[in-house]
Structures are given as C-alpha cells and as structure tokens.
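K.L.:
Input structure: model.csv, which contains CSV, C-alpha atoms.
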```csv
chain,number,residue,atom,x,y,z
A,1008,MET,CA,162.5,195.2,130.8
A,1009,ILE,CA,159.8,194.7,133.3
A,1010,VAL,CA,157.3,196.5,131.1
A,1011,LYS,CA,158.2,194.1,128.3
A,1012,GLU,CA,157.4,191.2,130.6
A,1013,ILE,CA,154.0,192.6,131.4
A,1014,LEU,CA,153.2,193.3,127.8
A,1015,LYS,CA,153.9,189.6,127.0
A,1016,ASP,CA,151.0,188.7,129.3
A,1017,LEU,CA,148.6,191.1,127.6
A,1018,ASN,CA,146.5,188.9,125.3
A,1019,LYS,CA,145.8,190.0,121.8
A,1020,ALA,CA,142.7,188.0,121.8
A,1021,PHE,CA,141.2,190.3,124.4
A,1022,GLU,CA,142.2,193.6,122.9
A,1023,ASN,CA,138.9,193.8,121.1
A,1024,LYS,CA,136.0,195.3,123.0
A,1025,VAL,CA,133.5,192.6,122.0
A,1026,ARG,CA,135.8,189.7,122.9
A,1027,LEU,CA,136.7,191.4,126.2
A,1028,GLY,CA,133.0,191.7,126.9
A,1029,ILE,CA,132.2,188.1,126.0
A,1030,MET,CA,135.0,186.8,128.3
A,1031,SER,CA,133.9,189.1,131.2
A,1032,ALA,CA,130.4,187.8,131.0
A,1033,LEU,CA,131.4,184.2,130.6
A,1034,VAL,CA,133.9,184.1,133.6
A,1035,VAL,CA,131.2,185.0,136.0
A,1036,ASN,CA,128.4,182.8,134.5
A,1037,ASP,CA,128.4,179.0,134.1
A,1038,SER,CA,127.1,179.5,130.6
A,1039,LEU,CA,125.2,182.0,128.5
A,1040,ASP,CA,123.2,181.6,125.3
A,1041,PHE,CA,123.7,183.6,122.1
A,1042,ASN,CA,120.8,186.0,122.6
A,1043,THR,CA,121.7,186.8,126.2
A,1044,LEU,CA,125.2,187.7,125.0
A,1045,LYS,CA,123.8,189.7,122.2
A,1046,ASN,CA,121.6,191.8,124.5
A,1047,LEU,CA,124.4,192.3,127.0
A,1048,LEU,CA,127.0,193.4,124.4
A,1049,GLU,CA,124.5,195.3,122.1
A,1050,VAL,CA,126.1,194.0,118.9
A,1051,THR,CA,124.7,192.5,115.7
A,1052,ASP,CA,124.4,188.8,115.2
A,1053,GLY,CA,127.2,188.6,112.6
A,1054,ASN,CA,129.6,190.6,114.7
A,1055,LEU,CA,129.0,188.5,117.8
A,1056,ALA,CA,129.2,185.2,115.9
A,1057,SER,CA,132.5,186.1,114.3
A,1058,HIS,CA,134.1,187.0,117.7
A,1059,LEU,CA,132.7,183.9,119.3
A,1060,LYS,CA,134.2,181.8,116.5
A,1061,SER,CA,137.6,183.3,117.0
A,1062,LEU,CA,137.5,182.8,120.8
A,1063,GLU,CA,136.4,179.2,120.1
A,1064,LYS,CA,139.3,178.7,117.8
A,1065,SER,CA,141.7,179.8,120.5
A,1066,LYS,CA,140.0,177.3,122.8
A,1067,TYR,CA,139.0,180.0,125.3
A,1068,ILE,CA,135.3,179.2,125.1
A,1069,LYS,CA,133.4,176.1,124.4
A,1070,VAL,CA,130.1,175.7,122.6
A,1071,LYS,CA,127.2,173.4,123.4
A,1072,LYS,CA,124.3,173.1,121.0
A,1073,GLU,CA,121.0,171.9,122.3
A,1074,PHE,CA,117.4,172.1,121.5
A,1075,ILE,CA,114.8,173.8,123.8
A,1076,ASP,CA,111.2,173.2,122.6
A,1077,ARG,CA,112.6,172.1,119.3
A,1078,LYS,CA,114.3,175.5,118.9
A,1079,PRO,CA,118.1,175.4,118.6
A,1080,ASN,CA,119.8,176.9,121.6
A,1081,THR,CA,123.6,177.5,121.7
A,1082,GLN,CA,125.2,177.8,125.1
A,1083,TYR,CA,128.7,179.3,125.5
A,1084,SER,CA,131.0,178.9,128.4
A,1085,ALA,CA,134.6,179.8,129.2
A,1086,THR,CA,137.1,177.0,129.2
A,1087,HIS,CA,139.6,176.5,132.0
A,1088,SER,CA,142.4,177.9,129.8
A,1089,GLY,CA,140.2,180.7,128.8
A,1090,LYS,CA,139.6,181.7,132.4
A,1091,GLU,CA,143.3,181.5,133.1
A,1092,ALA,CA,144.3,183.6,130.1
A,1093,PHE,CA,141.6,186.2,131.0
A,1094,VAL,CA,142.8,186.5,134.6
A,1095,LYS,CA,146.4,186.8,133.4
A,1096,HIS,CA,145.3,189.6,131.0
A,1097,ILE,CA,143.5,191.5,133.8
A,1098,LYS,CA,146.5,191.2,136.1
A,1099,ALA,CA,148.8,192.5,133.3
A,1100,ILE,CA,146.5,195.6,132.8
A,1101,GLU,CA,146.5,196.2,136.6
A,1102,GLN,CA,150.3,196.0,136.6
A,1103,LEU,CA,150.6,198.5,133.8
A,1104,LEU,CA,148.3,200.9,135.6
A,1105,LYS,CA,150.3,200.8,138.8
B,187,MET,CA,146.7,207.5,125.9
B,188,GLU,CA,147.4,203.8,126.3
B,189,LYS,CA,146.7,204.1,130.0
B,190,GLU,CA,143.2,205.6,129.4
B,191,LYS,CA,142.3,202.7,127.1
B,192,TYR,CA,143.2,200.2,129.8
B,193,ILE,CA,141.4,202.1,132.5
B,194,SER,CA,138.3,202.0,130.3
B,195,ASP,CA,138.9,198.3,129.6
B,196,LEU,CA,138.8,197.5,133.3
B,197,LYS,CA,135.7,199.6,133.7
B,198,ASP,CA,134.0,197.7,130.9
B,199,ILE,CA,135.1,194.3,132.4
B,200,ARG,CA,133.6,195.2,135.8
B,201,SER,CA,130.4,196.6,134.3
B,202,MET,CA,129.9,193.5,132.1
B,203,MET,CA,130.5,191.1,135.0
B,204,ASP,CA,127.9,193.0,137.0
B,205,ARG,CA,125.4,193.3,134.2
B,206,SER,CA,125.7,189.7,133.1
B,207,SER,CA,125.5,188.1,136.6
B,208,ARG,CA,123.4,190.5,138.7
B,209,PHE,CA,120.1,192.2,138.4
B,210,ILE,CA,121.2,195.7,139.1
B,211,SER,CA,118.1,197.6,138.1
B,212,LEU,CA,116.3,197.2,141.4
B,213,SER,CA,114.8,200.6,142.1
B,214,GLY,CA,115.6,202.2,145.4
B,215,MET,CA,112.4,204.2,145.2
B,216,ALA,CA,110.5,200.8,145.1
B,217,GLY,CA,111.9,200.1,148.5
B,218,VAL,CA,110.8,203.5,149.9
B,219,VAL,CA,107.3,203.0,148.5
B,220,ALA,CA,107.1,199.4,149.9
B,221,GLY,CA,108.2,200.7,153.3
B,222,ALA,CA,105.6,203.4,153.3
B,223,LEU,CA,102.9,201.0,152.4
B,224,ALA,CA,104.0,198.6,155.1
B,225,LEU,CA,103.9,201.4,157.7
B,226,GLY,CA,100.4,202.3,156.5
B,227,GLY,CA,99.4,198.6,156.7
B,228,ALA,CA,100.8,198.3,160.2
B,229,TYR,CA,98.9,201.3,161.3
B,230,LEU,CA,95.6,199.9,159.9
B,231,ALA,CA,96.4,196.5,161.6
B,232,TYR,CA,97.0,198.3,164.9
B,233,GLU,CA,93.7,200.2,164.6
B,234,THR,CA,91.9,197.0,163.7
B,235,ILE,CA,93.2,195.1,166.7
B,236,TYR,CA,92.7,198.1,169.0
B,237,LEU,CA,89.1,198.9,168.0
B,238,GLN,CA,88.0,195.3,168.2
B,239,GLU,CA,89.5,194.8,171.6
B,240,GLN,CA,86.7,196.9,173.1
B,241,TYR,CA,84.2,194.3,172.1
B,242,PHE,CA,86.3,191.4,173.4
B,243,ASP,CA,84.0,190.9,176.4
B,244,TYR,CA,81.0,189.6,174.5
B,245,ARG,CA,82.1,188.2,171.3
B,246,GLN,CA,85.6,187.1,171.8
B,247,ALA,CA,85.7,184.0,169.5
B,248,ASP,CA,83.8,185.6,166.7
B,249,ALA,CA,85.9,188.8,166.9
B,250,SER,CA,89.3,187.0,166.8
B,251,ASP,CA,88.3,185.3,163.6
B,252,SER,CA,87.2,188.4,161.9
B,253,ILE,CA,90.3,190.3,163.1
B,254,VAL,CA,92.5,187.6,161.6
B,255,PHE,CA,90.5,187.9,158.3
B,256,GLN,CA,91.0,191.7,158.3
B,257,LEU,CA,94.7,191.4,159.1
B,258,VAL,CA,95.2,188.9,156.3
B,259,LEU,CA,93.3,191.3,153.9
B,260,ILE,CA,95.6,194.2,155.0
B,261,ALA,CA,98.7,192.1,154.6
B,262,LEU,CA,97.6,191.0,151.1
B,263,GLY,CA,96.8,194.6,150.1
B,264,VAL,CA,100.2,195.8,151.2
B,265,LEU,CA,101.9,192.9,149.4
B,266,VAL,CA,100.0,193.4,146.1
B,267,LEU,CA,100.5,197.2,146.1
B,268,SER,CA,104.2,196.9,147.0
B,269,LEU,CA,104.8,194.4,144.2
B,270,ALA,CA,103.0,196.6,141.7
B,271,ALA,CA,104.9,199.7,142.7
B,272,GLY,CA,108.2,197.7,142.7
B,273,PHE,CA,107.5,196.3,139.3
B,274,PHE,CA,106.6,199.7,137.8
B,275,LEU,CA,109.6,201.6,139.3
B,276,THR,CA,112.0,198.8,138.5
B,277,GLN,CA,110.9,198.7,134.9
B,278,ARG,CA,111.5,202.4,134.6
B,279,ARG,CA,114.9,202.0,136.0
B,280,ALA,CA,115.7,199.0,133.9
B,281,ARG,CA,115.1,201.2,130.8
B,282,LYS,CA,117.8,203.6,132.2
B,283,THR,CA,120.4,200.9,132.9
B,284,ARG,CA,119.6,199.3,129.6
B,285,GLN,CA,119.0,196.0,131.3
B,286,SER,CA,115.8,194.2,130.3
B,287,MET,CA,113.2,193.7,132.9
B,288,TRP,CA,112.9,190.0,132.7
B,289,ASP,CA,116.3,188.6,131.6
B,290,ALA,CA,118.2,185.6,132.9
B,291,GLN,CA,119.7,187.7,135.8
B,292,ALA,CA,116.2,188.9,137.0
B,293,ARG,CA,114.9,185.4,136.8
B,294,ARG,CA,117.8,184.0,138.8
B,295,MET,CA,117.3,186.7,141.5
B,296,VAL,CA,113.5,186.1,141.7
B,297,ILE,CA,113.9,182.3,141.9
B,298,ASN,CA,116.4,182.5,144.7
B,299,LEU,CA,114.4,185.1,146.6
B,300,PHE,CA,111.3,183.0,146.3
B,301,ILE,CA,112.6,179.6,147.5
B,302,PRO,CA,112.9,180.7,151.2
B,303,LEU,CA,110.0,183.1,150.7
B,304,ALA,CA,107.5,180.5,149.4
B,305,ALA,CA,108.6,178.0,152.0
B,306,GLY,CA,108.0,180.6,154.7
B,307,GLY,CA,104.7,181.7,153.2
B,308,ILE,CA,103.3,178.2,153.1
B,309,LEU,CA,104.5,177.6,156.7
B,310,CYS,CA,102.9,180.8,157.8
B,311,LEU,CA,99.6,179.8,156.1
B,312,ILE,CA,99.7,176.4,157.9
B,313,LEU,CA,100.4,178.1,161.3
B,314,LEU,CA,97.7,180.7,160.6
B,315,LEU,CA,95.1,177.9,160.0
B,316,LYS,CA,96.2,176.2,163.2
B,317,GLY,CA,95.8,179.4,165.1
B,318,PHE,CA,99.4,180.4,165.8
B,319,ILE,CA,98.9,184.0,164.9
B,320,GLY,CA,101.7,185.3,167.2
B,321,LEU,CA,104.4,183.6,165.2
B,322,LEU,CA,103.4,185.2,161.9
B,323,ALA,CA,105.3,188.5,162.4
B,324,PRO,CA,108.6,186.9,163.4
B,325,LEU,CA,108.4,184.2,160.8
B,326,THR,CA,107.6,186.5,157.9
B,327,LEU,CA,110.5,188.7,158.9
B,328,ILE,CA,112.9,185.7,159.2
B,329,PHE,CA,111.9,184.1,155.9
B,330,TYR,CA,112.0,187.4,154.1
B,331,GLY,CA,115.4,188.0,155.4
B,332,LEU,CA,116.6,184.5,154.3
B,333,GLY,CA,115.2,185.2,150.9
B,334,LEU,CA,117.1,188.5,150.6
B,335,VAL,CA,120.4,186.9,151.7
B,336,ASN,CA,119.9,184.1,149.2
B,337,ALA,CA,119.0,186.6,146.4
B,338,SER,CA,121.8,189.0,147.2
B,339,LYS,CA,124.3,187.0,145.1
B,340,TYR,CA,122.2,187.9,142.0
B,341,THR,CA,121.4,191.6,142.6
B,342,LEU,CA,122.8,194.6,144.5
B,343,THR,CA,125.1,193.3,147.2
B,344,GLU,CA,123.6,195.6,149.8
B,345,THR,CA,120.4,193.4,149.9
B,346,ARG,CA,122.5,191.0,152.0
B,347,SER,CA,122.8,193.4,154.9
B,348,LEU,CA,119.1,194.2,154.6
B,349,GLY,CA,118.4,190.5,154.8
B,350,ILE,CA,120.5,189.9,157.8
B,351,ALA,CA,118.9,192.9,159.6
B,352,GLU,CA,115.4,191.4,158.8
B,353,ILE,CA,116.5,188.0,160.3
B,354,VAL,CA,117.8,189.7,163.5
B,355,LEU,CA,114.5,191.6,163.8
B,356,GLY,CA,112.5,188.4,163.2
B,357,LEU,CA,114.4,186.6,166.0
B,358,LEU,CA,113.8,189.6,168.4
B,359,ALA,CA,110.1,189.5,167.4
B,360,ALA,CA,110.0,185.8,168.3
B,361,GLN,CA,111.4,186.5,171.7
B,362,PHE,CA,109.2,189.5,172.4
B,363,ILE,CA,106.1,188.1,170.7
B,364,GLY,CA,103.7,190.7,172.1
B,365,TYR,CA,105.6,193.4,170.1
B,366,GLY,CA,105.3,191.5,166.9
B,367,LEU,CA,103.5,194.2,165.0
B,368,PHE,CA,106.0,196.8,166.2
B,369,PHE,CA,109.0,194.7,164.9
B,370,TRP,CA,107.1,194.0,161.7
B,371,ALA,CA,106.6,197.7,161.1
B,372,ILE,CA,110.3,198.4,161.7
B,373,GLY,CA,111.4,195.5,159.4
B,374,PHE,CA,109.1,195.9,156.5
B,375,GLY,CA,108.5,199.7,157.0
B,376,ALA,CA,111.4,201.6,158.4
B,377,LEU,CA,114.2,199.3,157.1
B,378,HIS,CA,112.8,199.4,153.6
B,379,ILE,CA,112.6,203.1,153.6
B,380,ILE,CA,116.2,203.5,154.9
B,381,TYR,CA,117.5,200.9,152.5
B,382,GLY,CA,115.6,202.3,149.6
B,383,LEU,CA,116.8,205.8,150.2
B,384,ALA,CA,120.4,204.7,150.5
B,385,MET,CA,120.1,202.7,147.2
B,386,TYR,CA,118.4,205.6,145.5
B,387,LEU,CA,121.2,208.0,146.5
B,388,LYS,CA,123.9,205.5,145.6
B,389,TYR,CA,122.7,204.1,142.3
B,390,ASP,CA,119.6,205.7,140.9
B,391,ARG,CA,120.8,209.2,140.9
B,392,GLU,CA,124.3,208.2,139.8
B,393,GLY,CA,122.7,206.4,136.9
B,394,ASP,CA,120.7,209.4,135.9
B,395,SER,CA,123.6,211.8,135.9
B,396,GLU,CA,125.7,209.4,133.9
B,397,ARG,CA,123.2,209.4,131.1
B,398,SER,CA,122.5,213.2,131.1
```
For the file at hand, write its structure as structure tokens.
P.N.:
Amino acid sequence: MIVKEILKDLNKAFENKVRLGIMSALVVNDSLDFNTLKNLLEVTDGNLASHLKSLEKSKYIKVKKEFIDRKPNTQYSATHSGKEAFVKHIKAIEQLLK
Amino acid sequence: MEKEKYISDLKDIRSMMDRSSRFISLSGMAGVVAGALALGGAYLAYETIYLQEQYFDYRQADASDSIVFQLVLIALGVLVLSLAAGFFLTQRRARKTRQSMWDAQARRMVINLFIPLAAGGILCLILLLKGFIGLLAPLTLIFYGLGLVNASKYTLTETRSLGIAEIVLGLLAAQFIGYGLFFWAIGFGALHIIYGLAMYLKYDREGDSERS
C-alpha cells in the first residue's frame, strides 16, 4: 500500500539517465545553454535535443532563444513545476531506499 | 536490483549538480605549491628587510624605497609562479575529472574570486603609493579571504573555511602590524600547504583511484 503511494510519485519523465541529468543540472543553475549541457552530459546533439524536447513538452523546462554575437544561443531553465516534480521524484527515491 | 538503480540515480544527480554548478577540478597540489612559493617569498622578503636594515643609518630614505621595490618584485614573482603552477596542475586535474578547464563554472568561480581580490589589490596599490606599507600584509590577507569566501559557492566548499581563516589572520595582522610578514607567511604559506594537502588527500587521490 505504502510502496504503491511512493511509486506514484516516481516520475516516468525522470527515469531516463539523460533527462535525469538535465534536470539535476537545471535545478541548481538559473539557466544553461545547449553546449554546456552537452559537455556535462557527454551525449550527442540529437540525443540531447530529443530529451530536451520531451521535457519541454511536459512543461518541466522552458527554452529561451537569443543571439550572442549574431550566433543563435538557446538557454534552458527549469520551470517551477519542473523543480517541484523533480524534488518529488528525489524524495520518492529516498523513501524507497529507506 | 531496483534498489541499485536508484542508488546510482541519486549518485548521478548529486554528481551532476556538483559538476554543473561548481568548479571541482581545483588541484590540492596547486595549493601546496603556492604555499611553498609564498614561504620562499616571505623568507626572501625577510632577508631583504634584514640586510638593508644595517645600512639604515646613512641612507634611510633611499633604502626604504628600494626595499619596497624589491618587496613588490618578490610578491609579484610569488604571484606569477603560483598562478602558473595552479593553472598547470588544475588543468591536469580537470582532464581527470572530465571537466573542461575554462567552462561556465570555472568562469563563475574566477569572477567571484576576483571581485574582492581586484578591489583589495587596487586599494593596496593606492596605499603603497601613499606609503602605508604596514597595512599591505593584513589587507592582502583580508581581501584574499573575502575573495575565497565569495568564490566558495562555485567551487569546493572547503575554500570557505580557508577564506575565513585568512580573514581572521588578516585582522590579527592589522592589530599586530609589526608581525605582518609573519602572519602573511602563515596565511599564504602554511595555510595553503595544509589546505592543499587536505584537498589532495580528500579529492585528488580519490579521483585517481576511481578511474584506475
């Protein structure tokens, strides 16, 4: 019964390693750009882009496109609901490990 | 089985939070080298002051200017050599922690270190030109400490304690101004060596064994 309750809080969106990594990095930074995320996670452009898209669709992250020296620069940041969902997910993991 | 996956998840989360927000590749050995250089510099400075004192009788004004010039040269030498050693050793370590040497985290740490440090440096230069030499040792210690405390949010958390220790030493040095060089040698020399060794034992070695 209790285990079931906890499992409900585990978020499918964060089961994947890359998405888990993206969220971990974004909750402790105001915002990060694509290349910084890519270097941190050590994944390919396409892989990272698809995971970012899916997190964006769930409204866990928001995207801001801007130009720096006429080069496109995309900044990613965690939304309020994204941070909430992530904290809930971590708490659920901690509960399971108790 | 499930449990192991979640334990590894938590580890990943923690490591990613650290790697993305802090510059964790600071080398402990760099601290040891900087400390040794500072002790060497302090010894040279002591010798310079001590030797020149014997000639104080007949060329006091002239001597004090040339002493100051030599002391500044020694200080700059220590600074440049320490930065070079720190840069080299940290780069080697960055390769091991797979963090790049000059990423957003490193930039944030350096900027936050240099805001108090640059302000203190300029203030010291102004005081030096106005002849307040005695205040240089305490003020360099205090501003360096403030810089470390400020930068500690963006690098290894232990730098915060080092910074606070430097500030306390700086204040003591301001009270006992005649022992300025002595406090300076403790702050920049001994403390760096102790801190560097502690960091080396805690992080550098641990990192090495993880990879091997």
K.L.:
Quick check: residues of chain B within 6 Å of chain A, all atoms listed in the file, returned as a ChimeraX atom specification.
P.N.:
/B:199,202-203,206
K.L.:
For stretch 384-393 of chain B, work out the shell of residues within 8 Å, counting all atoms listed in the file and skipping chain neighbours fewer than 5 positions away, then give it as a list of chain:residue names.
P.N.:
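Once the adjacent positions are removed, what remains is B:Ser213, B:Gly214, B:Met215, B:Arg279, B:Lys282, B:Thr283.
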K.L.:
Tell me, as a PyMOL selection string, which residues lie within 8 Å of A:Lys1072, counting only C-alpha atoms; anything in the same chain fewer than 6 positions away does not count.
P.N.:
chain A and resi 1079-1082
K.L.:
Please compute the atom CA of B:Gly217-atom CA of B:Gln361 distance, one decimal, in Å.
P.N.:
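That distance, rounded to one decimal, is 26.9 Å.
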K.L.:
Rounded to one decimal place, report the atom CA of A:Glu1073-atom CA of B:Val296 distance in Å.
P.N.:
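Those two atoms sit 25.2 Å apart.
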